[in-house]
file start38.cif (mmCIF, C-alpha atoms)
data_data
#
loop_
_atom_site.label_atom_id
_atom_site.label_comp_id
_atom_site.auth_asym_id
_atom_site.auth_seq_id
_atom_site.Cartn_x
_atom_site.Cartn_y
_atom_site.Cartn_z
CA MET A 1 -11.08 228.52 34.05
CA LYS A 2 -14.12 227.90 31.88
CA ARG A 3 -16.18 224.89 32.84
CA ASP A 4 -19.28 223.57 31.13
CA LYS A 5 -22.54 223.43 32.98
CA PRO A 6 -23.35 219.86 34.02
CA THR A 7 -25.14 217.96 31.29
CA THR A 8 -28.60 216.70 32.19
CA HIS A 9 -29.12 213.09 31.12
CA ARG A 10 -32.73 211.98 30.89
CA ALA A 11 -33.67 208.34 31.23
CA PRO A 12 -35.86 206.96 28.42
CA GLN A 13 -39.58 206.43 29.03
CA GLY A 14 -40.25 203.39 31.15
CA ALA A 15 -36.76 203.53 32.69
CA PRO A 16 -36.30 203.98 36.45
CA THR A 17 -36.20 207.55 37.68
CA ARG A 18 -32.91 209.23 38.60
CA ARG A 19 -33.73 208.82 42.29
CA ALA A 20 -34.50 205.14 41.80
CA TRP A 21 -31.22 204.70 39.95
CA LEU A 22 -29.35 206.36 42.79
CA ALA A 23 -31.03 204.30 45.47
CA GLY A 24 -30.60 201.05 43.60
CA ALA A 25 -27.02 201.76 42.65
CA ALA A 26 -26.06 202.79 46.17
CA GLY A 27 -27.49 199.65 47.71
CA ALA A 28 -26.05 197.38 45.07
CA SER A 29 -22.57 198.88 45.10
CA ALA A 30 -22.35 198.80 48.88
CA ALA A 31 -23.57 195.23 49.08
CA ALA A 32 -21.93 193.47 46.19
CA GLY A 33 -20.30 195.61 43.56
CA LEU A 34 -16.58 196.15 43.27
CA GLY A 35 -15.74 193.82 46.12
CA LEU A 36 -17.43 196.01 48.72
CA GLN A 37 -19.10 193.31 50.78
CA PRO A 38 -19.22 194.25 54.48
CA THR A 39 -17.18 191.85 56.57
CA ALA A 40 -18.33 190.14 59.71
CA ALA A 41 -17.32 191.82 62.96
CA GLN A 42 -14.43 190.18 64.74
CA ALA A 43 -15.50 188.22 67.81
CA ALA A 44 -12.39 189.24 69.72
CA ARG A 45 -9.28 191.24 68.96
CA GLN A 46 -6.06 189.25 68.97
CA PRO A 47 -3.66 190.33 71.75
CA THR A 48 -0.13 191.22 70.64
CA GLN A 49 2.71 193.59 71.45
CA ALA A 50 4.04 193.54 67.87
CA HIS A 51 5.25 196.71 66.20
CA ILE A 52 3.81 197.01 62.70
CA VAL A 53 5.20 199.62 60.31
CA ILE A 54 3.11 200.67 57.32
CA ALA A 55 5.09 202.48 54.60
CA GLY A 56 2.65 204.73 52.76
CA SER A 57 -0.61 206.45 53.63
CA GLY A 58 -2.57 206.23 50.42
CA LEU A 59 -5.73 204.15 50.22
CA ALA A 60 -3.76 200.92 50.76
CA GLY A 61 -1.82 202.07 53.81
CA LEU A 62 -4.77 203.68 55.56
CA ALA A 63 -7.18 200.85 54.79
CA VAL A 64 -4.88 198.20 56.24
CA ALA A 65 -4.11 200.36 59.29
CA HIS A 66 -7.80 200.71 60.13
CA ARG A 67 -8.36 196.99 59.65
CA LEU A 68 -5.39 195.97 61.77
CA GLN A 69 -6.76 198.07 64.61
CA GLY A 70 -9.94 196.04 64.42
CA LEU A 71 -8.08 192.74 64.44
CA LEU A 72 -5.30 193.35 66.98
CA ASP A 73 -5.28 194.43 70.62
CA GLY A 74 -2.10 196.05 71.92
CA ALA A 75 -0.19 196.31 68.65
CA LYS A 76 1.91 199.40 68.00
CA ILE A 77 1.17 200.64 64.48
CA THR A 78 3.35 203.28 62.79
CA ILE A 79 2.51 204.86 59.44
CA ILE A 80 5.44 206.49 57.65
CA ASP A 81 4.60 209.03 54.93
CA ALA A 82 5.30 212.74 54.48
CA LYS A 83 2.19 213.49 52.41
CA GLN A 84 -0.06 216.13 53.97
CA VAL A 85 -2.78 215.86 51.30
CA HIS A 86 -4.73 212.73 50.45
CA ASN A 87 -5.80 212.69 46.82
CA TYR A 88 -8.71 210.67 45.50
CA GLN A 89 -6.83 209.65 42.40
CA PRO A 90 -9.71 207.73 40.73
CA GLY A 91 -11.35 211.14 40.36
CA TYR A 92 -8.49 212.69 38.39
CA THR A 93 -9.99 211.71 35.02
CA LEU A 94 -13.25 213.42 36.00
CA VAL A 95 -11.39 216.62 36.88
CA ALA A 96 -9.23 216.40 33.75
CA SER A 97 -12.25 216.03 31.46
CA GLY A 98 -14.29 218.84 32.99
CA VAL A 99 -16.81 216.76 34.93
CA TRP A 100 -15.71 217.49 38.52
CA PRO A 101 -14.22 220.49 40.32
CA VAL A 102 -10.84 219.73 41.84
CA ASP A 103 -11.98 220.07 45.46
CA LYS A 104 -13.82 216.74 45.15
CA VAL A 105 -10.49 214.87 44.98
CA ILE A 106 -8.61 216.58 47.83
CA ASP A 107 -8.73 215.61 51.52
CA SER A 108 -6.52 216.28 54.53
CA ASN A 109 -4.28 213.32 55.27
CA ALA A 110 -4.34 214.15 58.98
CA SER A 111 -8.13 213.78 59.11
CA LEU A 112 -7.92 210.23 57.74
CA GLN A 113 -5.32 208.77 60.12
CA PRO A 114 -6.71 206.12 62.48
CA ALA A 115 -6.90 207.19 66.13
CA GLY A 116 -4.13 205.63 68.19
CA VAL A 117 -1.81 205.06 65.23
CA GLN A 118 1.53 206.87 65.16
CA TRP A 119 2.04 208.92 61.99
CA LEU A 120 5.69 209.67 61.23
CA ARG A 121 5.64 212.49 58.66
CA GLU A 122 8.67 211.51 56.63
CA MET A 123 9.23 209.45 53.50
CA VAL A 124 10.89 206.05 53.62
CA ALA A 125 14.30 206.35 52.00
CA GLU A 126 15.58 202.80 52.54
CA PHE A 127 14.30 199.34 53.41
CA ASP A 128 16.64 196.95 55.24
CA PRO A 129 14.55 193.80 55.62
CA ALA A 130 17.45 191.69 56.89
CA ALA A 131 17.61 194.03 59.92
CA ASN A 132 13.81 194.53 60.12
CA THR A 133 14.43 198.25 59.72
CA VAL A 134 13.31 201.15 57.57
CA VAL A 135 15.31 204.36 57.26
CA THR A 136 13.51 207.66 56.74
CA ALA A 137 14.59 210.58 54.58
CA GLY A 138 15.54 212.38 57.78
CA GLY A 139 17.84 209.54 58.85
CA GLN A 140 15.67 207.88 61.49
CA ARG A 141 16.04 204.11 61.72
CA ILE A 142 12.73 202.50 62.61
CA ARG A 143 12.71 198.85 63.64
CA TYR A 144 9.65 196.73 63.10
CA ASP A 145 8.36 193.25 63.80
CA TYR A 146 6.10 193.30 60.73
CA LEU A 147 6.04 195.54 57.68
CA VAL A 148 3.37 196.48 55.14
CA VAL A 149 4.77 198.14 52.01
CA ALA A 150 2.18 200.41 50.38
CA VAL A 151 4.31 203.10 48.74
CA GLY A 152 2.64 203.14 45.32
CA THR A 153 4.47 203.78 42.07
CA HIS A 154 7.16 206.09 40.75
CA GLN A 155 6.26 208.01 37.58
CA ASP A 156 9.42 207.81 35.51
CA TRP A 157 9.11 211.04 33.51
CA ALA A 158 12.86 211.02 32.91
CA GLN A 159 12.33 208.35 30.22
CA ILE A 160 10.63 210.99 28.03
CA GLU A 161 13.20 213.49 26.72
CA GLY A 162 12.03 217.09 26.96
CA MET A 163 9.06 216.36 29.20
CA ASP A 164 8.28 218.96 31.86
CA THR A 165 5.32 218.25 34.14
CA LYS A 166 5.26 221.93 35.15
CA ALA A 167 4.28 222.78 31.56
CA ILE A 168 1.10 220.67 31.66
CA GLY A 169 -1.78 222.86 30.56
CA GLN A 170 0.41 224.87 28.14
CA ASP A 171 0.88 224.32 24.40
CA GLY A 172 -1.61 221.46 24.30
CA LEU A 173 0.31 219.39 26.88
CA ALA A 174 -1.81 217.23 29.18
CA SER A 175 -1.46 214.39 31.66
CA VAL A 176 -3.91 213.18 34.25
CA TYR A 177 -1.27 211.33 36.29
CA PRO A 178 1.07 213.69 38.19
CA SER A 179 -1.31 215.46 40.58
CA SER A 180 -4.68 217.10 41.10
CA ASP A 181 -3.15 220.35 39.83
CA ALA A 182 -2.10 218.56 36.64
CA ALA A 183 -5.65 217.26 36.23
CA VAL A 184 -6.97 220.84 36.44
CA ALA A 185 -4.36 222.01 33.93
CA THR A 186 -5.21 219.09 31.65
CA TRP A 187 -8.85 220.15 31.51
CA ALA A 188 -7.76 223.70 30.69
CA ALA A 189 -5.71 222.35 27.77
CA MET A 190 -8.52 220.06 26.61
CA ASP A 191 -11.08 222.87 26.84
CA ARG A 192 -8.95 225.15 24.66
CA PHE A 193 -8.25 222.36 22.19
CA ARG A 194 -11.86 221.38 21.65
CA GLN A 195 -12.83 224.95 20.72
CA LYS A 196 -10.70 224.78 17.56
CA GLY A 197 -10.08 221.06 17.09
CA GLY A 198 -7.02 219.57 15.44
CA GLN A 199 -4.71 216.62 16.03
CA ALA A 200 -5.02 214.84 19.39
CA VAL A 201 -2.28 212.37 20.31
CA MET A 202 -2.97 209.96 23.17
CA THR A 203 -0.19 207.76 24.59
CA LEU A 204 0.37 204.51 26.48
CA PRO A 205 3.74 203.22 27.79
CA ALA A 206 4.83 199.59 27.91
CA THR A 207 5.42 199.38 31.68
CA PRO A 208 2.99 198.16 34.34
CA LEU A 209 0.62 201.05 34.95
CA LYS A 210 -1.59 202.27 37.73
CA CYS A 211 -5.16 202.67 36.49
CA ALA A 212 -4.49 201.30 33.03
CA GLY A 213 -7.99 202.41 32.04
CA ALA A 214 -7.21 206.13 32.48
CA PRO A 215 -5.50 206.55 29.06
CA LEU A 216 -8.56 204.97 27.44
CA LYS A 217 -10.99 207.15 29.41
CA MET A 218 -9.13 210.28 28.40
CA THR A 219 -9.23 209.19 24.75
CA PHE A 220 -12.97 208.63 24.85
CA MET A 221 -13.53 211.96 26.60
CA VAL A 222 -11.35 213.99 24.21
CA ARG A 223 -13.35 212.63 21.33
CA ASP A 224 -16.63 213.31 23.15
CA ARG A 225 -15.64 216.89 23.99
CA LEU A 226 -14.77 217.53 20.34
CA ALA A 227 -18.17 216.19 19.30
CA GLN A 228 -19.93 218.40 21.85
CA ALA A 229 -18.04 221.47 20.64
CA GLY A 230 -18.84 220.75 16.99
CA THR A 231 -15.18 220.52 16.00
CA LEU A 232 -14.91 216.76 15.54
CA GLY A 233 -15.18 217.05 11.77
CA LYS A 234 -11.88 218.93 11.56
CA SER A 235 -10.11 216.82 14.17
CA GLN A 236 -8.36 213.48 14.48
CA VAL A 237 -7.76 211.48 17.66
CA THR A 238 -4.93 208.91 17.47
CA PHE A 239 -3.87 206.53 20.24
CA TYR A 240 -0.17 205.58 20.26
CA SER A 241 0.44 202.41 22.28
CA ALA A 242 3.91 201.13 23.12
CA LEU A 243 2.30 197.69 23.33
CA PRO A 244 0.68 195.46 20.68
CA ASN A 245 -2.68 196.21 22.33
CA VAL A 246 -4.43 199.02 24.23
CA PHE A 247 -5.58 197.01 27.28
CA GLY A 248 -4.29 193.82 28.86
CA VAL A 249 -7.64 192.01 29.06
CA LYS A 250 -8.44 190.72 25.58
CA ALA A 251 -12.22 191.03 25.81
CA VAL A 252 -11.91 194.64 26.94
CA ASN A 253 -9.19 195.41 24.40
CA ASP A 254 -11.31 194.10 21.53
CA ASN A 255 -14.41 195.95 22.74
CA VAL A 256 -12.56 199.26 23.02
CA LEU A 257 -10.98 198.86 19.57
CA GLU A 258 -14.39 198.14 18.04
CA ARG A 259 -15.80 201.27 19.67
CA TRP A 260 -12.87 203.39 18.56
CA GLN A 261 -13.21 202.18 14.99
CA ALA A 262 -16.84 203.29 14.99
CA LEU A 263 -15.87 206.64 16.55
CA GLY A 264 -13.02 207.29 14.11
CA VAL A 265 -10.22 206.97 16.69
CA GLN A 266 -7.07 205.64 15.05
CA VAL A 267 -4.52 203.38 16.77
CA GLN A 268 -0.78 202.97 16.26
CA TYR A 269 0.85 199.97 17.97
CA THR A 270 4.35 199.36 19.39
CA GLN A 271 5.09 203.09 19.31
CA LYS A 272 6.85 204.29 22.47
CA LEU A 273 6.93 208.00 23.29
CA LYS A 274 10.64 208.79 23.42
CA ALA A 275 10.74 212.59 23.32
CA ILE A 276 8.57 215.68 23.21
CA ASP A 277 9.21 219.23 22.03
CA ILE A 278 6.59 221.11 24.01
CA GLY A 279 7.02 224.52 22.36
CA ALA A 280 6.98 223.07 18.84
CA ARG A 281 4.15 220.64 19.69
CA ARG A 282 5.95 217.64 18.24
CA ALA A 283 6.30 214.15 19.74
CA THR A 284 8.83 211.51 18.78
CA PHE A 285 7.88 207.84 18.91
CA VAL A 286 10.15 204.82 18.41
CA ASN A 287 9.28 201.28 17.43
CA PRO A 288 11.00 198.13 18.84
CA GLU A 289 13.62 198.32 16.07
CA GLY A 290 14.51 201.87 17.06
CA ALA A 291 13.02 203.62 14.05
CA ALA A 292 11.76 207.07 15.03
CA THR A 293 8.63 208.89 13.86
CA GLU A 294 7.98 212.57 14.57
CA VAL A 295 4.31 213.43 15.08
CA PRO A 296 2.86 216.96 15.23
CA TYR A 297 -0.05 217.57 17.59
CA ASP A 298 -2.40 220.23 18.86
CA PHE A 299 -3.18 218.27 22.04
CA ILE A 300 -1.23 215.41 23.62
CA HIS A 301 -2.00 213.30 26.68
CA VAL A 302 1.24 211.90 28.07
CA VAL A 303 1.22 208.79 30.25
CA PRO A 304 4.55 208.23 32.04
CA PRO A 305 6.37 204.89 32.25
CA MET A 306 6.12 203.62 35.81
CA ARG A 307 8.31 201.63 38.18
CA ALA A 308 8.76 201.04 41.90
CA PRO A 309 10.03 203.94 44.03
CA ASP A 310 13.79 203.87 44.60
CA ALA A 311 13.44 202.77 48.23
CA VAL A 312 11.91 199.48 47.07
CA LYS A 313 13.70 199.14 43.73
CA ASN A 314 17.12 199.44 45.37
CA SER A 315 16.32 197.12 48.27
CA ASP A 316 16.33 193.37 48.76
CA LEU A 317 12.52 193.49 48.75
CA ALA A 318 12.41 193.89 44.98
CA TRP A 319 12.09 191.10 42.43
CA LYS A 320 15.56 189.99 41.30
CA GLU A 321 14.46 188.09 38.19
CA GLY A 322 11.44 187.66 36.00
CA PRO A 323 9.16 190.20 34.28
CA MET A 324 8.80 192.40 37.37
CA ALA A 325 12.53 192.77 38.07
CA ALA A 326 13.16 195.59 35.59
CA GLY A 327 10.70 197.84 37.38
CA GLY A 328 11.93 196.87 40.83
CA TRP A 329 8.43 195.86 41.95
CA LEU A 330 7.85 194.27 45.37
CA GLU A 331 8.39 190.51 45.35
CA VAL A 332 5.17 189.15 46.83
CA ASP A 333 3.29 185.91 46.41
CA LYS A 334 0.39 186.86 44.15
CA ASP A 335 -2.09 184.73 46.13
CA THR A 336 -1.23 185.78 49.69
CA LEU A 337 0.55 189.14 49.03
CA GLN A 338 3.18 187.99 51.54
CA HIS A 339 6.79 188.63 50.57
CA ARG A 340 8.27 185.50 49.05
CA ARG A 341 11.52 185.69 51.06
CA TYR A 342 10.76 187.89 54.07
CA LYS A 343 7.73 186.34 55.71
CA ASN A 344 7.10 189.25 58.08
CA VAL A 345 6.60 191.60 55.12
CA PHE A 346 3.42 192.11 53.08
CA GLY A 347 2.68 194.30 50.08
CA LEU A 348 -0.51 196.15 49.30
CA GLY A 349 -1.62 198.27 46.38
CA ASP A 350 0.27 199.55 43.34
CA ILE A 351 3.76 198.56 44.54
CA ASN A 352 3.11 194.83 44.28
CA GLY A 353 4.86 192.92 41.53
CA THR A 354 1.81 190.87 40.59
CA PRO A 355 0.27 190.11 37.17
CA ARG A 356 -2.46 192.71 37.65
CA GLY A 357 -3.84 194.97 40.34
CA LYS A 358 -2.81 198.63 40.25
CA THR A 359 -6.24 200.13 40.95
CA ALA A 360 -8.14 201.33 43.99
CA ALA A 361 -10.58 198.48 43.46
CA THR A 362 -7.75 195.99 43.99
CA VAL A 363 -7.13 197.49 47.42
CA LYS A 364 -10.83 197.20 48.26
CA LYS A 365 -10.64 193.44 48.03
CA SER A 366 -7.03 192.81 49.06
CA ALA A 367 -6.73 195.04 52.15
CA PRO A 368 -8.91 192.76 54.31
CA ILE A 369 -6.92 189.76 53.10
CA VAL A 370 -3.55 191.33 53.90
CA ALA A 371 -4.73 192.45 57.34
CA GLN A 372 -6.02 188.99 58.18
CA HIS A 373 -2.89 187.30 56.82
CA LEU A 374 -0.68 189.55 58.94
CA ALA A 375 -2.76 188.73 62.01
CA ASP A 376 -2.46 185.03 61.12
CA VAL A 377 1.34 185.26 60.89
CA ILE A 378 1.51 187.06 64.24
CA ALA A 379 -0.52 184.20 65.74
CA GLY A 380 1.73 181.58 64.16
CA ARG A 381 -0.74 180.54 61.48
CA ALA A 382 -0.03 180.30 57.76
CA PRO A 383 -1.88 182.75 55.50
CA GLY A 384 -4.89 180.90 54.16
CA GLU A 385 -7.13 182.99 51.92
CA LYS A 386 -6.13 183.48 48.30
CA PHE A 387 -6.44 186.81 46.53
CA ASP A 388 -7.70 186.37 42.97
CA GLY A 389 -6.24 189.59 41.57
CA TYR A 390 -9.60 191.38 41.49
CA THR A 391 -9.41 194.61 39.53
CA SER A 392 -12.15 196.99 38.46
CA CYS A 393 -12.25 199.77 35.91
CA PRO A 394 -15.29 202.03 35.48
CA LEU A 395 -14.43 202.86 31.88
CA ILE A 396 -15.97 206.15 30.73
CA VAL A 397 -16.93 206.08 27.04
CA ARG A 398 -18.66 209.50 26.87
CA GLU A 399 -20.20 212.00 29.24
CA GLY A 400 -23.13 210.20 30.84
CA SER A 401 -22.12 206.66 29.89
CA ALA A 402 -19.54 204.11 31.07
CA MET A 403 -18.77 200.42 31.26
CA LEU A 404 -18.10 198.71 34.59
CA ILE A 405 -15.33 196.22 33.91
CA GLU A 406 -14.16 193.76 36.58
CA PHE A 407 -11.60 191.00 36.09
CA ASP A 408 -9.08 188.76 37.84
CA TYR A 409 -5.44 187.72 37.47
CA ASP A 410 -6.29 185.51 34.50
CA GLY A 411 -8.08 188.30 32.64
CA LYS A 412 -11.43 186.61 33.20
CA LEU A 413 -14.34 189.02 33.48
CA THR A 414 -15.87 188.79 36.97
CA PRO A 415 -19.01 190.97 37.01
CA SER A 416 -20.46 191.44 40.49
CA LEU A 417 -23.65 193.37 39.71
CA PRO A 418 -26.38 191.44 37.89
CA MET A 419 -27.87 194.60 36.37
CA ILE A 420 -24.65 195.57 34.58
CA GLU A 421 -23.15 193.73 31.62
CA PRO A 422 -19.40 194.44 31.78
CA LEU A 423 -18.93 195.28 28.11
CA GLN A 424 -22.13 197.29 27.64
CA GLU A 425 -22.14 200.99 28.35
CA SER A 426 -24.83 202.38 30.65
CA TYR A 427 -25.84 205.46 32.57
CA PHE A 428 -25.89 203.26 35.67
CA ALA A 429 -22.13 202.63 35.41
CA TRP A 430 -21.55 206.36 34.82
CA LEU A 431 -23.58 207.15 37.92
CA MET A 432 -21.48 204.77 40.00
CA LYS A 433 -18.28 206.41 38.78
CA VAL A 434 -19.45 209.99 39.32
CA ARG A 435 -21.65 209.69 42.42
CA LEU A 436 -21.01 206.49 44.35
CA LEU A 437 -17.41 205.34 44.13
CA LYS A 438 -15.91 208.18 46.19
CA PRO A 439 -18.12 207.35 49.23
CA ALA A 440 -17.30 203.67 48.71
CA TYR A 441 -13.58 204.51 48.54
CA MET A 442 -13.78 206.40 51.84
CA ALA A 443 -15.59 203.48 53.46
CA VAL A 444 -12.81 201.14 52.34
CA LEU A 445 -10.14 203.57 53.55
CA LYS A 446 -11.74 203.59 57.02
CA GLY A 447 -11.99 199.78 57.16
CA ARG A 448 -15.77 199.74 57.15
CA VAL A 449 -16.32 197.44 54.18
#
call {"tool": "encode", "arguments": {"input": "start38.cif", "output": "structure tokens"}}
result
Amino acid sequence: MKRDKPTTHRAPQGAPTRRAWLAGAAGASAAAGLGLQPTAAQAARQPTQAHIVIAGSGLAGLAVAHRLQGLLDGAKITIIDAKQVHNYQPGYTLVASGVWPVDKVIDSNASLQPAGVQWLREMVAEFDPAANTVVTAGGQRIRYDYLVVAVGTHQDWAQIEGMDTKAIGQDGLASVYPSSDAAVATWAAMDRFRQKGGQAVMTLPATPLKCAGAPLKMTFMVRDRLAQAGTLGKSQVTFYSALPNVFGVKAVNDNVLERWQALGVQVQYTQKLKAIDIGARRATFVNPEGAATEVPYDFIHVVPPMRAPDAVKNSDLAWKEGPMAAGGWLEVDKDTLQHRRYKNVFGLGDINGTPRGKTAATVKKSAPIVAQHLADVIAGRAPGEKFDGYTSCPLIVREGSAMLIEFDYDGKLTPSLPMIEPLQESYFAWLMKVRLLKPAYMAVLKGRV
């Protein structure tokens, strides 16, 4: 597969050197940025014989497992997940846009498991919270005293007629979401497309979405790759959103739209991707009234609707009413992340039915809170600290430049680094995304920050 040589970005005269940027960024991000403040060491581990089951071994599941080991003495901790590979999913957009090789996003799940924690290599097929039991795909019934649900999202490709994730990379079909292999195939499709140019169609569903910035990043990078290849003049990039906006935080939404207008990116609102004819390179969109529009394309980035995995959606742990019920998201209190009806259950990460918070950055701040709240409940104390919904999105706007956007449940911008304005692009923010966030992610996963 053809891959461009890395672009060299030179700082302007008078600007800090590359090494100074790296040193400053590393210190700042570890100390304050993205909710990565080191926590004080526990004076003493809390004794308990409780059995804690953690469903899921992504960033959320592993981070809380490591932290619980630091808080509790004598607890039995069981992680249930069949995944053998741990994927650094925040790096998928870098792979899919030709910035990173794929090996930078792949780790062995076995190498990341905390010592002393039991890893049951099956998927959870059923939750029975009334009986304090989970049932695995192999039929094992595992009882627990406390449960952390960290099973992520289900990508509901079935909602898009004709979609075949195995065809990603062929006939202009792309999606950064399914897997690291799909990210590689997406870059192959993008690379071929930019050589000739043409019509690029970018999509956004109406459901809650993990990494809601990824569709925007891919749009910026498609346009940038066309400009680099000299084919932008005979191309058009159009973003089809199933929503009346492109991002849920108004300040960010307005900023992105202003940038896209200047870059020539067009936007169509309330247009849901209903069907795709991969061989014919035609997509069908419908509006809220059901009127259909068929759109030809040379390149299309498909973002799947998302919901909770069946094991949660079909259980009594899911929301039964309200805006999160349709997706079957986990019914947790948004402030404590404790289940609203089953007090020995907590949620962490993308599965939570909260107003915001389906990013790795959310886990960075919420994992310590969930671990402490679980320890509090074991000790007979009420959960005390409130989670503010912290979310972060390093939003790439072109190769070598990004915006570092941080916000809370209310959509209020909450910048943590004084040298970065959240709605101004910078090489500093790009450097954090490309060089520093993976080490920070691994530190969070291992409970170190």
call {"tool": "resolve_selection", "arguments": {"input": "start38.cif", "expression": "the PyMOL selection byres ((chain A and resi 170) around 12)", "output": "PyMOL selection string"}}
result
chain A and resi 164-169+171-175+182+184-193+278-281+298-301
call {"tool": "closest_residue", "arguments": {"input": "start38.cif", "among": "A:Gly162, A:Gly61, A:Lys313, A:Ala242", "to": "A:Val444", "atoms": "all atoms listed in the file"}}
result
A:Gly61
call {"tool": "resolve_selection", "arguments": {"input": "start38.cif", "expression": "the PyMOL selection byres ((chain A and resi 401) around 6)", "output": "list in words"}}
result
Val397, Arg398, Glu399, Gly400, Ala402, Glu425, Ser426, Tyr427 and Trp430 of chain A
call {"tool": "residues_around", "arguments": {"input": "start38.cif", "residues": "stretch 228-238 of chain A", "least_positions_apart": "4", "cutoff": "9 Å", "atoms": "all atoms listed in the file", "output": "PDB file with C-alpha atoms, in the coordinates of the input"}}
result
ATOM      1  CA  ARG A 194     -11.860 221.380  21.650  1.00  0.00           C
ATOM      2  CA  GLN A 195     -12.830 224.950  20.720  1.00  0.00           C
ATOM      3  CA  LYS A 196     -10.700 224.780  17.560  1.00  0.00           C
ATOM      4  CA  GLY A 197     -10.080 221.060  17.090  1.00  0.00           C
ATOM      5  CA  GLY A 198      -7.020 219.570  15.440  1.00  0.00           C
ATOM      6  CA  GLN A 199      -4.710 216.620  16.030  1.00  0.00           C
ATOM      7  CA  ALA A 200      -5.020 214.840  19.390  1.00  0.00           C
ATOM      8  CA  VAL A 201      -2.280 212.370  20.310  1.00  0.00           C
ATOM      9  CA  MET A 202      -2.970 209.960  23.170  1.00  0.00           C
ATOM     10  CA  THR A 203      -0.190 207.760  24.590  1.00  0.00           C
ATOM     11  CA  THR A 219      -9.230 209.190  24.750  1.00  0.00           C
ATOM     12  CA  VAL A 222     -11.350 213.990  24.210  1.00  0.00           C
ATOM     13  CA  ARG A 223     -13.350 212.630  21.330  1.00  0.00           C
ATOM     14  CA  ASP A 224     -16.630 213.310  23.150  1.00  0.00           C
ATOM     15  CA  GLY A 264     -13.020 207.290  14.110  1.00  0.00           C
ATOM     16  CA  VAL A 265     -10.220 206.970  16.690  1.00  0.00           C
ATOM     17  CA  GLN A 266      -7.070 205.640  15.050  1.00  0.00           C
ATOM     18  CA  VAL A 267      -4.520 203.380  16.770  1.00  0.00           C
ATOM     19  CA  GLN A 268      -0.780 202.970  16.260  1.00  0.00           C
TER      20      GLN A 268
END
call {"tool": "resolve_selection", "arguments": {"input": "start38.cif", "expression": "the PyMOL selection byres ((chain A and resi 285) around 9)", "output": "short mmCIF file (atom, residue, chain, number, x, y, z; two decimals) with C-alpha atoms, keeping the file's coordinate frame"}}
result
data_model
loop_
_atom_site.label_atom_id
_atom_site.label_comp_id
_atom_site.auth_asym_id
_atom_site.auth_seq_id
_atom_site.Cartn_x
_atom_site.Cartn_y
_atom_site.Cartn_z
CA TYR A 240 -0.17 205.58 20.26
CA ALA A 242 3.91 201.13 23.12
CA GLN A 271 5.09 203.09 19.31
CA LYS A 272 6.85 204.29 22.47
CA LEU A 273 6.93 208.00 23.29
CA LYS A 274 10.64 208.79 23.42
CA ALA A 275 10.74 212.59 23.32
CA ILE A 276 8.57 215.68 23.21
CA ALA A 283 6.30 214.15 19.74
CA THR A 284 8.83 211.51 18.78
CA VAL A 286 10.15 204.82 18.41
CA ASN A 287 9.28 201.28 17.43
CA ALA A 291 13.02 203.62 14.05
CA ALA A 292 11.76 207.07 15.03
CA THR A 293 8.63 208.89 13.86
CA GLU A 294 7.98 212.57 14.57
CA VAL A 295 4.31 213.43 15.08
#
call {"tool": "residues_around", "arguments": {"input": "start38.cif", "residues": "A:Ala110", "least_positions_apart": "5", "cutoff": "12 Å", "atoms": "only C-alpha atoms", "output": "list in words"}}
result
Ser57, Gly58, Leu62, Ile79, Asp81, Ala82, Lys83, Gln84, Val85, His86, Ala115, Val117, Gln118, Trp119, Leu120 and Arg121 of chain A
call {"tool": "residues_around", "arguments": {"input": "start38.cif", "residues": "A:Ala214", "least_positions_apart": "2", "cutoff": "9 Å", "atoms": "only C-alpha atoms", "output": "PyMOL selection string"}}
result
chain A and resi 90+92-93+176-177+210-212+216-219+393+395-396
call {"tool": "atom_distance", "arguments": {"input": "start38.cif", "atom1": "atom CA of A:Asp388", "atom2": "atom CA of A:Gln338"}}
result
13.9 Å
call {"tool": "closest_atom_pairs", "arguments": {"input": "start38.cif", "of": "stretch 342-441 of chain A", "to": "stretch 49-52 of chain A", "cutoff": "10 Å", "atoms": "only C-alpha atoms", "output": "Markdown table"}}
result
| residue | atom | partner | partner_atom | distance |
| --- | --- | --- | --- | --- |
| A:Asn344 | CA | A:Ile52 | CA | 9.6 |
| A:Val345 | CA | A:Ile52 | CA | 9.7 |
| A:Leu374 | CA | A:Ile52 | CA | 9.5 |
| A:Ile378 | CA | A:Ala50 | CA | 7.8 |
call {"tool": "decode", "arguments": {"input": "start38.cif", "residues": "stretch 402-407 of chain A", "atoms": "N, CA and C atoms", "output": "short mmCIF file (atom, residue, chain, number, x, y, z; two decimals), in the first residue's frame"}}
result
data_model
loop_
_atom_site.label_atom_id
_atom_site.label_comp_id
_atom_site.auth_asym_id
_atom_site.auth_seq_id
_atom_site.Cartn_x
_atom_site.Cartn_y
_atom_site.Cartn_z
N ALA A 402 -4.26 20.98 14.44
CA ALA A 402 -5.47 20.46 15.10
C ALA A 402 -5.96 21.46 16.13
N MET A 403 -7.17 21.23 16.59
CA MET A 403 -7.72 21.98 17.72
C MET A 403 -7.91 21.01 18.87
N LEU A 404 -7.60 21.43 20.08
CA LEU A 404 -7.84 20.61 21.26
C LEU A 404 -9.10 21.13 21.95
N ILE A 405 -10.18 20.37 21.80
CA ILE A 405 -11.48 20.80 22.30
C ILE A 405 -11.86 19.96 23.52
N GLU A 406 -12.17 20.62 24.62
CA GLU A 406 -12.58 19.95 25.85
C GLU A 406 -13.88 20.59 26.33
N PHE A 407 -14.82 19.76 26.80
CA PHE A 407 -16.10 20.30 27.22
C PHE A 407 -16.75 19.36 28.23
#
